[in-house]
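input_27.tsv (TSV, C-alpha atoms)
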chain	number	residue	atom	x	y	z
D	1	MET	CA	49.54	88.80	168.94
D	2	SER	CA	48.93	86.53	165.95
D	3	LYS	CA	48.36	82.83	166.30
D	4	PRO	CA	50.84	80.44	164.69
D	5	PRO	CA	49.56	78.74	161.55
D	6	THR	CA	47.63	75.57	162.24
D	7	GLN	CA	48.70	72.25	160.82
D	8	PRO	CA	46.42	70.09	158.71
D	9	PRO	CA	44.72	67.48	160.92
D	10	GLU	CA	46.47	64.54	159.26
D	11	ILE	CA	49.89	65.96	160.19
D	12	ASN	CA	48.78	66.42	163.82
D	13	THR	CA	47.40	62.89	163.90
D	14	VAL	CA	50.56	61.36	162.46
D	15	VAL	CA	52.90	63.25	164.80
D	16	ALA	CA	50.76	62.40	167.84
D	17	ALA	CA	50.68	58.72	166.88
D	18	VAL	CA	54.44	58.55	166.30
D	19	LEU	CA	55.15	60.32	169.58
D	20	ALA	CA	52.79	57.98	171.46
D	21	GLU	CA	54.54	54.99	169.93
D	22	ARG	CA	58.18	56.11	170.23
D	23	ALA	CA	58.66	58.99	172.69
D	24	HIS	CA	59.38	56.58	175.56
D	25	LEU	CA	62.31	54.94	173.76
D	26	PRO	CA	65.86	55.77	174.87
D	27	GLY	CA	67.26	58.31	172.41
D	28	ALA	CA	63.78	58.75	170.97
D	29	LEU	CA	64.52	61.66	168.64
D	30	LEU	CA	65.79	59.62	165.70
D	31	PRO	CA	63.04	56.99	165.93
D	32	VAL	CA	60.43	59.77	166.14
D	33	LEU	CA	61.86	61.63	163.15
D	34	HIS	CA	62.03	58.42	161.12
D	35	GLY	CA	58.43	57.63	162.03
D	36	VAL	CA	57.18	61.05	160.98
D	37	GLN	CA	59.11	60.99	157.71
D	38	ASP	CA	58.06	57.42	156.94
D	39	ALA	CA	54.41	58.39	157.42
D	40	LEU	CA	54.39	61.81	155.74
D	41	GLY	CA	57.34	61.61	153.36
D	42	TYR	CA	59.00	64.57	155.08
D	43	ILE	CA	59.20	66.33	158.45
D	44	PRO	CA	57.13	69.50	158.27
D	45	PRO	CA	58.99	72.37	159.98
D	46	GLU	CA	55.85	73.27	161.91
D	47	THR	CA	56.07	69.91	163.73
D	48	VAL	CA	59.46	70.70	165.27
D	49	PRO	CA	58.09	72.55	168.34
D	50	GLU	CA	55.68	69.70	169.14
D	51	ILE	CA	58.40	67.06	168.80
D	52	ALA	CA	60.81	69.13	170.89
D	53	ARG	CA	58.23	69.64	173.63
D	54	ALA	CA	57.30	65.96	173.76
D	55	LEU	CA	60.95	64.89	174.03
D	56	ASN	CA	62.02	67.70	176.37
D	57	LEU	CA	64.49	69.04	173.80
D	58	SER	CA	65.01	72.48	172.35
D	59	ARG	CA	63.66	73.28	168.90
D	60	ALA	CA	67.28	73.93	167.88
D	61	GLU	CA	68.28	70.39	168.85
D	62	VAL	CA	65.48	68.86	166.79
D	63	HIS	CA	66.11	71.15	163.82
D	64	GLY	CA	69.85	70.42	164.03
D	65	VAL	CA	69.29	66.68	163.74
D	66	ILE	CA	66.85	67.11	160.84
D	67	THR	CA	69.29	69.26	158.89
D	68	TYR	CA	72.39	67.22	159.77
D	69	TYR	CA	71.23	63.87	158.39
D	70	HIS	CA	70.68	63.68	154.62
D	71	HIS	CA	67.89	61.16	155.06
D	72	PHE	CA	65.54	63.74	156.56
D	73	ARG	CA	63.79	66.34	154.45
D	74	GLU	CA	61.70	69.36	155.41
D	75	LYS	CA	59.69	69.53	152.18
D	76	PRO	CA	57.80	66.85	150.26
D	77	ALA	CA	59.91	64.94	147.77
D	78	GLY	CA	59.08	63.97	144.22
D	79	ARG	CA	57.69	60.58	143.31
D	80	ASN	CA	61.24	59.59	142.31
D	81	VAL	CA	64.13	60.66	144.51
D	82	LEU	CA	67.69	60.78	143.19
D	83	GLN	CA	70.42	61.35	145.76
D	84	VAL	CA	73.91	62.10	144.49
D	85	CYS	CA	76.86	61.62	146.84
D	86	ARG	CA	79.05	64.69	147.27
D	87	ALA	CA	81.67	63.25	149.60
D	88	GLU	CA	85.33	63.54	148.62
D	89	SER	CA	85.74	60.23	146.80
D	90	CYS	CA	82.62	60.73	144.72
D	91	ARG	CA	83.47	64.34	143.96
D	92	ALA	CA	86.92	63.29	142.78
D	93	THR	CA	85.38	60.80	140.35
D	94	GLY	CA	82.73	63.00	138.74
D	95	ALA	CA	79.78	63.30	141.09
D	96	GLU	CA	79.51	67.07	140.68
D	97	SER	CA	78.98	66.72	136.94
D	98	LEU	CA	76.42	63.95	137.57
D	99	LEU	CA	74.57	66.23	139.97
D	100	ALA	CA	74.58	69.04	137.40
D	101	GLN	CA	73.44	66.63	134.68
D	102	ALA	CA	70.53	65.35	136.77
D	103	ARG	CA	69.45	68.84	137.82
D	104	ALA	CA	69.52	70.09	134.23
D	105	ARG	CA	67.73	67.09	132.79
D	106	LEU	CA	64.99	67.10	135.44
D	107	GLY	CA	64.66	70.85	135.88
D	108	CYS	CA	65.80	70.80	139.49
D	109	ASP	CA	68.21	73.71	139.91
D	110	GLY	CA	70.21	74.29	143.10
D	111	ALA	CA	67.46	76.17	144.92
D	112	GLN	CA	64.60	73.91	143.83
D	113	HIS	CA	65.22	70.21	144.43
D	114	LEU	CA	61.79	69.28	143.02
D	115	SER	CA	60.90	69.15	139.34
D	116	ALA	CA	57.97	71.27	138.17
D	117	ASP	CA	55.76	68.23	137.65
D	118	GLY	CA	56.61	66.77	141.07
D	119	GLY	CA	57.97	63.66	139.41
D	120	HIS	CA	61.56	63.95	140.59
D	121	SER	CA	63.66	65.30	143.41
D	122	VAL	CA	67.42	65.68	143.14
D	123	GLU	CA	69.18	65.81	146.49
D	124	PRO	CA	72.88	66.16	147.19
D	125	VAL	CA	73.94	63.90	150.06
D	126	TYR	CA	77.19	63.30	151.89
D	127	CYS	CA	78.71	59.81	151.90
D	128	LEU	CA	76.66	56.85	150.86
D	129	GLY	CA	79.40	54.48	152.02
D	130	LEU	CA	80.46	53.37	148.55
D	131	CYS	CA	83.77	55.23	148.44
D	132	ALA	CA	85.59	52.33	146.78
D	133	SER	CA	82.98	52.35	144.00
D	134	SER	CA	82.63	56.06	143.38
D	135	PRO	CA	80.72	57.97	142.19
D	136	ALA	CA	77.56	56.71	143.84
D	137	VAL	CA	73.89	57.64	143.67
D	138	VAL	CA	70.69	56.37	145.24
D	139	LEU	CA	67.53	56.26	143.15
D	140	ASN	CA	64.34	55.50	145.04
D	141	GLY	CA	66.28	53.81	147.82
D	142	GLN	CA	68.45	51.64	145.56
D	143	LEU	CA	72.21	52.20	145.58
D	144	HIS	CA	74.07	52.50	142.27
D	145	ALA	CA	77.88	52.52	142.22
D	146	ARG	CA	80.45	53.54	139.60
D	147	MET	CA	77.87	55.84	138.03
D	148	THR	CA	78.55	57.31	134.60
D	149	PRO	CA	76.62	59.96	132.67
D	150	GLN	CA	75.27	57.26	130.36
D	151	ARG	CA	74.14	54.99	133.21
D	152	LEU	CA	72.52	57.96	134.96
D	153	ASN	CA	70.53	58.77	131.81
D	154	ALA	CA	69.43	55.14	131.56
D	155	LEU	CA	68.26	55.15	135.21
D	156	LEU	CA	66.36	58.39	134.72
D	157	ASP	CA	64.81	57.06	131.50
D	158	LYS	CA	63.29	54.21	133.52
D	159	THR	CA	61.70	56.63	136.00
D	160	SER	CA	60.31	58.82	133.23
D	161	SER	CA	58.59	55.89	131.52
D	162	ALA	CA	57.27	54.32	134.72
Show how you would write the structure in this file as C-alpha cells.
Amino acid sequence: MSKPPTQPPEINTVVAAVLAERAHLPGALLPVLHGVQDALGYIPPETVPEIARALNLSRAEVHGVITYYHHFREKPAGRNVLQVCRAESCRATGAESLLAQARARLGCDGAQHLSADGGHSVEPVYCLGLCASSPAVVLNGQLHARMTPQRLNALLDKTSSA
C-alpha cells in the first residue's frame, strides 16, 4: 500500500493554525475555508481530508462547499485575478464575450485559468450582485459594473503595467 503524498510543512502549519483558531465556531466550515484561502491563496485539495476530520464532516461535504462557492479556489491564482460574472443578467448583456476577450488577451483558455507567466487568472463566477448594472467583473477584489470591451482592456492595461 502506498502512502498518500505529504504536504509541504507550511501548508500543514497553516491548516493546523486555522483549525485551532476556528474549528470550535458554530458552522466552522466556512470560517475555516476562508482562513486557509486567506493564508495560502487557495485551498489545496490535499487539505480536504484533514479539514473534514477536524470538523467531523465527510470529505464530500467539504469538497462540495469548496466547489460550490466561486470565492474558493483549489489551485493558486495569478497575481491579478479577474472574475467575470456569468449569471443570466450579465450573460444577456455581453459577459460571455468579455470572458472570451479576457481569456484570449491573457492566454487563459477554458481549461487553464492561469496565464503562462502567472500574472493573471481569469475565473468565471456566478452572480456578483450587480444585476442592474450588468455586465459585471471583479478585478483584484474591486467590483466594476457596466463593463464594456474597451473598459476591460483599460483595466487589464493597468495590471500589465503595474
- Message: Between D:Cys131, D:Cys108, D:Ile66, D:Leu143, which residue has the minimum interatomic distance to D:Gln37, considering only C-alpha atoms?
- Response: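 Looking only at the distances to D:Gln37, the closest residue turns out to be D:Ile66.
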- Provide the atom CA of D:Ile43 to atom CA of D:Pro76 distance in Å, to one decimal place.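 Computing it gives 8.3 Å between the two atoms.
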- Task: Using all atoms listed in the file, pick whichever of D:Ala60, D:Leu152, D:Arg22, D:Tyr69 has the shortest atom-to-atom distance to D:Arg103.
- Result: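 Between D:Ala60, D:Leu152, D:Arg22, D:Tyr69, the residue approaching D:Arg103 most closely is D:Leu152.
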- Near-D:Val84 list (9 Å; all atoms listed in the file; drop same-chain fewer than 3 positions) as a list in words: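 The residues satisfying every condition are Cys90, Ala95, Glu96, Leu98, Leu99, Val122, Glu123, Pro124, Val125, Tyr126, Leu128, Pro135, Ala136, Val137, Val138 and Leu139 of chain D.
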- Given all atoms listed in the file as the counted atoms, nearest of D:Pro45, D:Pro31, D:Asn80, D:Ala132 to D:His63: D:Pro45
Where is the centre and how long are the edges: axis-aligned box on stretch 26-44 of chain D, 8 Å on each side, Å to one decimal, as AutoDock Vina command-line options:
--center_x 60.8 --center_y 62.6 --center_z 164.1 --size_x 28.9 --size_y 29.7 --size_z 37.5
- Task: Rank D:Val14, D:Ala39, D:Leu33, D:Leu130 by their smallest atom-to-atom distance to D:Cys85, using only C-alpha atoms, and report the top residue only.
- Result: D:Leu130
- Message: Just the number, please: distance in Å from atom CA of D:Pro149 to atom CA of D:Gly118, one decimal.
- Response: 22.7 Å
- Message: Give me, as a list of chain:residue names, all polymer residues having an atom no more than 10 Å from D:Val65, counting all atoms listed in the file and skipping those fewer than 6 positions away in the same chain.
- Response: D:Leu29, D:Leu30, D:Leu33, D:Phe72
- Message: Rounded to one decimal, what separation in Å do you get between atom CA of D:Gln83 and atom CA of D:Ile11?
- Response: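 Answer for the atom CA of D:Gln83 to atom CA of D:Ile11 separation: 25.5 Å.
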- Message: Please determine, counting all atoms listed in the file, which residue among D:Ser121, D:Asn56, D:Thr148, D:Ser115 has the shortest atom-to-atom distance to D:Ser134.
- Response: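 Among D:Ser121, D:Asn56, D:Thr148, D:Ser115, it is D:Thr148 that comes nearest to D:Ser134.
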